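model-v9.cif follows; it contains mmCIF, C-alpha atoms.
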data_coords
#
loop_
_atom_site.label_atom_id
_atom_site.label_comp_id
_atom_site.auth_asym_id
_atom_site.auth_seq_id
_atom_site.Cartn_x
_atom_site.Cartn_y
_atom_site.Cartn_z
CA MET A 1 7.97 -30.07 14.83
CA MET A 2 7.15 -29.22 11.26
CA THR A 3 4.96 -26.28 12.26
CA GLU A 4 7.80 -24.71 14.26
CA ALA A 5 10.17 -25.14 11.31
CA ASN A 6 7.58 -23.53 9.04
CA LYS A 7 7.26 -20.56 11.42
CA SER A 8 11.04 -20.14 11.30
CA VAL A 9 10.90 -19.89 7.51
CA VAL A 10 8.26 -17.16 7.70
CA ARG A 11 10.22 -15.32 10.42
CA ARG A 12 13.30 -15.37 8.18
CA PHE A 13 11.23 -13.95 5.31
CA TYR A 14 10.21 -10.98 7.44
CA GLU A 15 13.43 -10.46 9.38
CA GLU A 16 16.09 -11.11 6.75
CA VAL A 17 14.31 -10.34 3.48
CA MET A 18 11.78 -7.66 4.36
CA ASN A 19 13.48 -5.91 7.28
CA GLN A 20 17.15 -6.32 6.41
CA GLY A 21 16.58 -6.13 2.67
CA ARG A 22 18.65 -9.23 1.96
CA ALA A 23 16.85 -10.12 -1.24
CA GLU A 24 19.22 -13.02 -1.92
CA VAL A 25 17.83 -14.86 1.12
CA LEU A 26 14.60 -15.33 -0.85
CA ASP A 27 16.27 -18.30 -2.58
CA GLU A 28 16.43 -20.07 0.78
CA VAL A 29 12.93 -19.32 2.03
CA MET A 30 10.74 -19.11 -1.08
CA ALA A 31 9.93 -21.43 -3.96
CA GLU A 32 10.63 -20.12 -7.44
CA ALA A 33 6.98 -20.62 -8.48
CA PHE A 34 5.68 -18.57 -5.53
CA VAL A 35 2.01 -17.61 -5.91
CA ASP A 36 0.69 -14.47 -4.23
CA HIS A 37 -2.96 -13.75 -3.40
CA GLY A 38 -3.03 -10.06 -2.57
CA GLU A 39 -5.52 -7.24 -2.58
CA ALA A 40 -6.49 -4.12 -4.50
CA LEU A 41 -3.69 -1.83 -3.29
CA PHE A 42 -0.56 -3.95 -3.58
CA GLY A 43 -1.71 -6.50 -6.14
CA SER A 44 -0.37 -10.02 -6.44
CA PRO A 45 3.18 -10.28 -7.77
CA GLN A 46 3.69 -13.78 -9.16
CA GLY A 47 6.94 -15.67 -8.83
CA ARG A 48 9.97 -15.32 -6.59
CA GLU A 49 11.85 -13.06 -9.01
CA THR A 50 8.99 -10.59 -9.23
CA LEU A 51 8.79 -10.44 -5.45
CA ARG A 52 12.57 -10.01 -5.23
CA GLN A 53 12.43 -6.99 -7.55
CA GLY A 54 9.61 -5.61 -5.40
CA VAL A 55 11.64 -6.02 -2.20
CA ILE A 56 14.63 -4.27 -3.77
CA ALA A 57 12.45 -1.43 -5.06
CA VAL A 58 10.62 -0.90 -1.80
CA HIS A 59 13.90 -0.67 0.12
CA GLY A 60 14.79 2.28 -2.08
CA ILE A 61 11.48 3.97 -1.31
CA LEU A 62 10.98 3.03 2.35
CA PRO A 63 14.58 2.25 3.34
CA ASP A 64 14.09 1.61 7.06
CA LEU A 65 10.96 -0.49 6.70
CA ASN A 66 10.36 -2.84 9.59
CA VAL A 67 7.63 -5.41 10.01
CA GLN A 68 7.09 -6.44 13.60
CA LEU A 69 5.19 -9.69 14.03
CA GLU A 70 2.74 -9.47 16.91
CA GLU A 71 1.54 -13.02 16.45
CA ILE A 72 2.57 -16.13 14.57
CA ILE A 73 0.63 -19.39 14.55
CA ALA A 74 0.81 -22.53 12.43
CA GLU A 75 -0.99 -25.74 11.62
CA GLY A 76 -0.17 -28.28 8.94
CA ASP A 77 1.57 -26.49 6.08
CA LEU A 78 -0.01 -23.10 6.87
CA VAL A 79 1.52 -20.26 8.91
CA GLY A 80 -0.43 -17.15 9.90
CA VAL A 81 0.92 -13.80 11.09
CA ARG A 82 -0.43 -10.52 12.38
CA GLY A 83 1.99 -7.65 12.09
CA VAL A 84 2.71 -3.94 12.04
CA MET A 85 4.69 -2.23 9.28
CA ARG A 86 6.67 0.91 10.11
CA CYS A 87 8.77 2.90 7.67
CA THR A 88 9.91 6.37 6.65
CA HIS A 89 8.43 7.71 3.44
CA VAL A 90 11.60 8.64 1.49
CA GLY A 91 10.95 7.87 -2.17
CA VAL A 92 7.92 8.01 -4.46
CA PHE A 93 5.38 5.65 -2.92
CA LEU A 94 2.06 5.01 -4.70
CA GLY A 95 2.76 8.13 -6.73
CA VAL A 96 3.40 10.36 -3.72
CA PRO A 97 6.90 11.93 -3.41
CA GLY A 98 8.76 11.29 -0.16
CA THR A 99 7.82 13.41 2.82
CA GLY A 100 10.14 12.07 5.51
CA HIS A 101 7.08 11.17 7.55
CA GLU A 102 6.75 7.86 9.33
CA LEU A 103 4.11 5.55 7.89
CA THR A 104 2.63 2.68 9.83
CA TRP A 105 -0.06 0.17 9.11
CA ARG A 106 -1.24 -3.30 10.11
CA GLY A 107 -1.58 -6.43 8.08
CA ASN A 108 -2.59 -10.08 8.37
CA ALA A 109 -0.96 -12.71 6.20
CA MET A 110 -1.15 -16.46 5.72
CA PHE A 111 1.61 -18.54 4.11
CA ARG A 112 1.87 -22.07 2.78
CA VAL A 113 5.27 -23.63 3.41
CA ILE A 114 6.24 -26.79 1.49
CA ASP A 115 9.60 -28.51 2.01
CA GLY A 116 10.93 -25.50 3.91
CA LYS A 117 9.96 -22.91 1.31
CA ILE A 118 7.08 -20.46 1.01
CA THR A 119 4.94 -21.45 -1.96
CA GLU A 120 1.90 -19.20 -1.44
CA ARG A 121 0.82 -16.11 0.47
CA TRP A 122 -2.60 -14.64 1.19
CA PHE A 123 -2.80 -11.23 2.82
CA ASN A 124 -4.78 -8.11 3.61
CA SER A 125 -3.30 -4.84 4.77
CA ASP A 126 -5.03 -1.77 6.10
CA SER A 127 -4.98 -0.08 2.72
CA ILE A 128 -7.33 2.72 3.75
CA SER A 129 -4.90 3.73 6.47
CA ILE A 130 -2.02 3.82 3.99
CA LEU A 131 -4.00 6.05 1.63
CA ARG A 132 -4.96 8.40 4.45
CA GLN A 133 -1.36 8.73 5.64
CA LEU A 134 -0.29 9.53 2.07
CA GLY A 135 -3.00 12.14 1.73
CA LEU A 136 -4.69 10.00 -0.93
CA ALA A 137 -7.91 9.41 0.96
CA PRO A 138 -10.64 9.47 -1.65
CA ALA A 139 -13.22 12.18 -2.11
CA THR A 140 -15.54 10.29 0.18
CA ALA A 141 -12.94 10.70 2.94
CA SER A 142 -15.33 12.55 5.17
CA GLY A 143 -17.27 9.36 5.55
CA ILE A 144 -14.42 6.94 5.44
CA GLU A 145 -13.97 6.80 9.18
CA GLU A 146 -16.89 4.41 9.22
CA VAL A 147 -15.62 2.28 6.39
CA PRO A 148 -13.96 -0.16 8.76
CA ARG A 149 -17.37 -1.46 9.68
CA LEU A 150 -17.94 -2.80 6.22
CA ALA A 151 -14.29 -3.23 5.84
CA THR A 152 -14.53 -5.67 8.52
CA THR A 153 -17.12 -7.28 6.50
CA ASN A 154 -14.98 -9.94 7.09
CA MET B 1 -8.71 -32.38 26.07
CA SER B 2 -5.76 -32.57 23.75
CA ASN B 3 -4.56 -29.48 21.98
CA SER B 4 -5.57 -30.84 18.60
CA SER B 5 -9.15 -31.54 19.63
CA LEU B 6 -9.35 -28.08 21.21
CA VAL B 7 -8.15 -26.59 17.93
CA GLU B 8 -10.75 -28.59 16.01
CA ASP B 9 -13.48 -27.38 18.38
CA ASN B 10 -12.28 -23.79 17.94
CA LYS B 11 -12.33 -24.08 14.17
CA ALA B 12 -15.82 -25.60 14.30
CA LEU B 13 -16.98 -22.60 16.35
CA VAL B 14 -15.51 -20.16 13.84
CA ARG B 15 -17.20 -22.03 10.97
CA ARG B 16 -20.55 -21.75 12.78
CA VAL B 17 -20.08 -18.00 13.31
CA ILE B 18 -19.32 -17.50 9.62
CA GLU B 19 -22.05 -19.77 8.29
CA GLN B 20 -24.90 -19.22 10.71
CA VAL B 21 -24.38 -15.65 11.92
CA TRP B 22 -22.71 -13.88 8.97
CA ASN B 23 -24.21 -15.84 6.07
CA ASN B 24 -27.60 -16.85 7.47
CA GLY B 25 -28.18 -13.93 9.84
CA GLU B 26 -29.16 -16.21 12.74
CA MET B 27 -28.58 -13.44 15.26
CA GLU B 28 -30.27 -15.39 18.06
CA LEU B 29 -27.18 -17.62 18.18
CA LEU B 30 -24.84 -14.77 19.09
CA GLY B 31 -25.11 -15.30 22.85
CA GLU B 32 -24.16 -18.95 22.41
CA LEU B 33 -21.24 -18.33 20.05
CA VAL B 34 -19.73 -15.00 21.14
CA LEU B 35 -18.51 -13.92 24.59
CA SER B 36 -20.29 -10.97 26.18
CA GLY B 37 -16.84 -9.40 26.61
CA PHE B 38 -15.95 -9.80 22.93
CA ILE B 39 -13.47 -7.28 21.49
CA ARG B 40 -12.83 -6.55 17.82
CA HIS B 41 -9.54 -4.72 17.57
CA HIS B 42 -9.77 -1.91 15.04
CA GLU B 43 -7.07 -1.91 12.35
CA ARG B 44 -5.75 1.54 13.21
CA ASN B 45 -7.82 3.25 15.86
CA ARG B 46 -8.02 1.74 19.32
CA ASP B 47 -10.82 4.16 20.18
CA ALA B 48 -12.87 2.41 17.50
CA ASP B 49 -12.45 -1.07 19.00
CA MET B 50 -15.74 -2.92 19.24
CA HIS B 51 -16.86 -4.22 22.61
CA GLY B 52 -19.62 -6.67 23.49
CA LEU B 53 -22.44 -8.60 21.90
CA ASP B 54 -24.51 -5.59 20.89
CA ALA B 55 -21.57 -4.18 18.96
CA PHE B 56 -21.03 -7.55 17.27
CA ARG B 57 -24.70 -7.70 16.34
CA ALA B 58 -24.62 -4.14 14.95
CA TRP B 59 -21.50 -5.01 12.92
CA VAL B 60 -23.14 -8.03 11.28
CA LEU B 61 -26.39 -6.17 10.63
CA ALA B 62 -24.58 -3.20 9.10
CA VAL B 63 -22.68 -5.38 6.66
CA ARG B 64 -25.74 -7.44 5.79
CA ALA B 65 -27.69 -4.22 5.16
CA VAL B 66 -25.16 -3.28 2.46
CA LEU B 67 -24.80 -6.84 1.11
CA PRO B 68 -28.10 -8.60 1.98
CA ASP B 69 -27.13 -11.83 0.19
CA LEU B 70 -23.63 -11.87 1.72
CA ARG B 71 -21.75 -15.14 1.31
CA LEU B 72 -18.47 -15.56 3.17
CA SER B 73 -16.50 -18.64 2.16
CA ILE B 74 -13.61 -19.91 4.25
CA GLU B 75 -10.83 -20.57 1.79
CA HIS B 76 -8.17 -21.44 4.38
CA ILE B 77 -8.33 -22.00 8.11
CA LEU B 78 -5.67 -22.90 10.66
CA GLY B 79 -5.58 -23.09 14.43
CA GLU B 80 -3.05 -23.22 17.23
CA ASN B 81 -3.85 -23.20 20.94
CA ASP B 82 -6.65 -20.65 21.47
CA LYS B 83 -6.24 -18.88 18.11
CA VAL B 84 -7.83 -19.52 14.74
CA MET B 85 -6.85 -17.75 11.55
CA LEU B 86 -8.92 -17.68 8.39
CA TYR B 87 -8.77 -16.32 4.89
CA LEU B 88 -12.22 -15.50 3.58
CA ARG B 89 -13.65 -14.75 0.21
CA GLY B 90 -16.81 -12.67 0.37
CA ALA B 91 -19.45 -12.03 -2.25
CA GLY B 92 -22.72 -10.20 -2.31
CA THR B 93 -25.02 -7.85 -4.18
CA HIS B 94 -24.79 -4.18 -3.25
CA GLY B 95 -28.25 -3.65 -1.82
CA GLY B 96 -27.83 -0.68 0.51
CA THR B 97 -26.18 2.73 0.67
CA PHE B 98 -22.50 2.54 1.53
CA LYS B 99 -20.49 5.72 2.09
CA GLY B 100 -23.03 7.71 0.19
CA VAL B 101 -22.95 5.31 -2.77
CA ALA B 102 -26.52 4.23 -3.46
CA ALA B 103 -27.23 0.61 -4.22
CA MET B 104 -26.74 -0.19 -7.89
CA GLY B 105 -27.10 -3.95 -7.66
CA ALA B 106 -23.39 -4.42 -8.29
CA GLN B 107 -21.84 -7.80 -7.53
CA ILE B 108 -19.08 -7.23 -5.00
CA THR B 109 -16.31 -9.70 -4.19
CA PHE B 110 -13.58 -9.19 -1.63
CA THR B 111 -11.06 -10.94 0.58
CA THR B 112 -10.58 -10.76 4.32
CA THR B 113 -7.90 -12.14 6.64
CA ALA B 114 -8.76 -12.60 10.31
CA ILE B 115 -7.28 -13.97 13.50
CA VAL B 116 -9.63 -14.76 16.37
CA ARG B 117 -9.16 -15.91 19.95
CA VAL B 118 -11.56 -18.45 21.42
CA ALA B 119 -12.24 -18.70 25.18
CA GLY B 120 -14.65 -21.07 26.87
CA GLY B 121 -16.01 -22.23 23.53
CA ARG B 122 -16.94 -18.74 22.40
CA LEU B 123 -15.42 -16.02 20.26
CA ALA B 124 -13.46 -13.67 22.54
CA GLU B 125 -11.36 -11.41 20.30
CA ALA B 126 -10.86 -10.68 16.62
CA TRP B 127 -8.24 -8.92 14.51
CA VAL B 128 -9.76 -8.49 11.08
CA ILE B 129 -8.51 -6.79 7.92
CA ALA B 130 -10.59 -6.72 4.75
CA ASP B 131 -9.77 -5.41 1.30
CA THR B 132 -11.77 -2.25 1.92
CA LEU B 133 -10.10 -0.42 -0.95
CA GLY B 134 -11.13 -3.21 -3.31
CA ILE B 135 -14.73 -2.91 -2.10
CA LEU B 136 -14.72 0.87 -2.60
CA GLN B 137 -13.26 0.47 -6.08
CA GLN B 138 -15.99 -1.97 -7.05
CA LEU B 139 -18.58 0.49 -5.82
CA GLY B 140 -16.98 3.15 -7.98
CA ALA B 141 -16.23 5.25 -4.90
CA VAL B 142 -12.46 5.45 -5.43
CA ARG B 143 -9.93 4.76 -8.12
CA ARG B 144 -6.56 3.15 -7.71
CA PRO B 145 -4.01 5.75 -6.62
CA GLY B 146 -0.59 6.29 -8.10
#

Step by step, read the file and then write its structure as structure tokens.
Amino acid sequence: MMTEANKSVVRRFYEEVMNQGRAEVLDEVMAEAFVDHGEALFGSPQGRETLRQGVIAVHGILPDLNVQLEEIIAEGDLVGVRGVMRCTHVGVFLGVPGTGHELTWRGNAMFRVIDGKITERWFNSDSISILRQLGLAPATASGIEEVPRLATTN
Amino acid sequence: MSNSSLVEDNKALVRRVIEQVWNNGEMELLGELVLSGFIRHHERNRDADMHGLDAFRAWVLAVRAVLPDLRLSIEHILGENDKVMLYLRGAGTHGGTFKGVAAMGAQITFTTTAIVRVAGGRLAEAWVIADTLGILQQLGAVRRPG
């Protein structure tokens, strides 16, 4: 089934590219004209080469990063995942020097897969959690515990 | 019922929840559309999970108090078995106090990605992540770090 093949492509993106850091595998699982639809914290790198440079850079900063997929579903040319990112904060991440602490956060992402390659991605990650773990929680941090309610404005 | 028609029914339910409950504020429909045992899984704090219809109602009302003219648009939707995933674009005018930031009439736009589980024709569970940082930045509450 096409949807199962599409899921396999997305699994390879996470397992081989993100987790194992094999940036060259991107050529097999992603279209050159890849379009990203991100969010405020991580932005939207455009194109496979830009993403490749990002993967290489992040493996220098968070060398043991691991995304565990808790769910993967698909329909038509779309694949959706729900996952947890875990990593050790070794290098300068979002301006914060490495601490050796473990960082972990959740994210949801949707992919479009055309002819066996990822052409688009839409995602949201728990950016507030990342900021808090880095000690970057904003001045309004005392109230931010309730932010998820609007956050989930969804 | 074939899997594909079940998926279509599930997607239709999710569209009704977005359009009628979130966008139109038709709270009287909640009992028909959402299970009494509904759970919204918090992004990072299990103790903050949301349980039940009253919690769902309070969630919608809280968001609509901040953004009274809230419009959620489903940009992409997919379903498989009992799950539906959607990518939403939200827009609204800041009309209430949010995190101590008084309403300034700012136009806020944001994205949200959600997976939901449907059971017995009603919403049973949700895993939702919104671009909260983007919302706070638009309200002038935080600046981009780094």

Exercise for the section: Return as an MDAnalysis selection string the set of residues that the PyMOL selection byres ((chain B) within 9 of (chain A)) yields on the displayed structure. Expected result: chainID B and resid 22 42:44 59:60 62:64 66 72 76:81 83:90 98:100 110:115 127:135 137 141:146

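Among the candidates B:Ile18, B:Ala48, B:Leu53, B:Leu70, the one nearest to Thr93 of chain B when counting only C-alpha atoms is B:Leu70.
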
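The residue set within 8 Å of Asp64 of chain A, counting only C-alpha atoms and dropping same-chain residues fewer than 5 places from it, reads Asn19, His59, Cys87 and Thr88 of chain A.
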
I need the chosen residues saved as a PDB file, keeping the file's coordinate frame, with C-alpha atoms.
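Contents of the output file out-v4.pdb:
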ATOM      1  CA  ASN A  19      13.480  -5.910   7.280  1.00  0.00           C
ATOM      2  CA  HIS A  59      13.900  -0.670   0.120  1.00  0.00           C
ATOM      3  CA  CYS A  87       8.770   2.900   7.670  1.00  0.00           C
ATOM      4  CA  THR A  88       9.910   6.370   6.650  1.00  0.00           C
TER       5      THR A  88
END

Practice task
Go through B:Arg15, B:Ala119, B:Glu125, B:His94 and flag the residue nearest Gly140 of chain B, using only C-alpha atoms for the distances.
Solution key: B:His94

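For the atom pair formed by atom CA of Leu35 of chain B and atom CA of Asp9 of chain B, the distance is 15.7 Å, given to one decimal.
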
Exercise for the section: For atom CA of Val17 of chain B and atom CA of Leu123 of chain B, quote the distance in Å rounded to one decimal. Expected result: 8.6 Å

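Protein, DNA and RNA residues at most 12 Å from (-16.5, -8.5, 31.2), with all atoms listed in the file, are these: Leu35, Ser36, Gly37, Phe38, Ile39, His51, Gly52, Leu53 and Ala124 of chain B.
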
Handout entry: Exercise: segment 22-27 of chain A partners within 12 Å, all atoms listed in the file, chain neighbours under 6 positions left out, as JSON, numbers by chain
Key = {"A": [9, 10, 12, 13, 14, 15, 16, 33, 34, 47, 48, 49, 50, 51, 52, 53, 54, 55, 56, 57, 58, 59, 116, 117, 118, 119]}

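Minimum atom-to-atom distances from B:Ser73, B:His41, B:Leu139, B:Ala55 to Gln20 of chain B were compared using only C-alpha atoms, and the lowest value belongs to B:Ser73.
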
Problem - atom CA of Met18 of chain A to atom CA of Val67 of chain A, straight-line distance in Å - result: 7.4 Å

Practice task
Would you kindly return, as a ChimeraX atom specification, each protein, DNA or RNA residue with an atom no farther than 10 Å from any atom of Leu103 of chain A, considering all atoms listed in the file and excluding same-chain residues fewer than 3 positions away?
Solution key: /A:62,65,85-89,100,129-130,133-134

Box along x, y and z, 5 Å on every side, all listed atoms of segment 130-133 of chain A inside: centre and edge lengths in Å to one decimal, as JSON.
{"center_x": -3.2, "center_y": 6.3, "center_z": 3.6, "size_x": 13.6, "size_y": 14.9, "size_z": 14.0}

Exercise for the section: Considering only C-alpha atoms, state which residue in the set B:Asn10, B:Asn45, B:Gln138, B:Gln107 is at the smallest distance from Leu33 of chain B. Expected result: B:Asn10
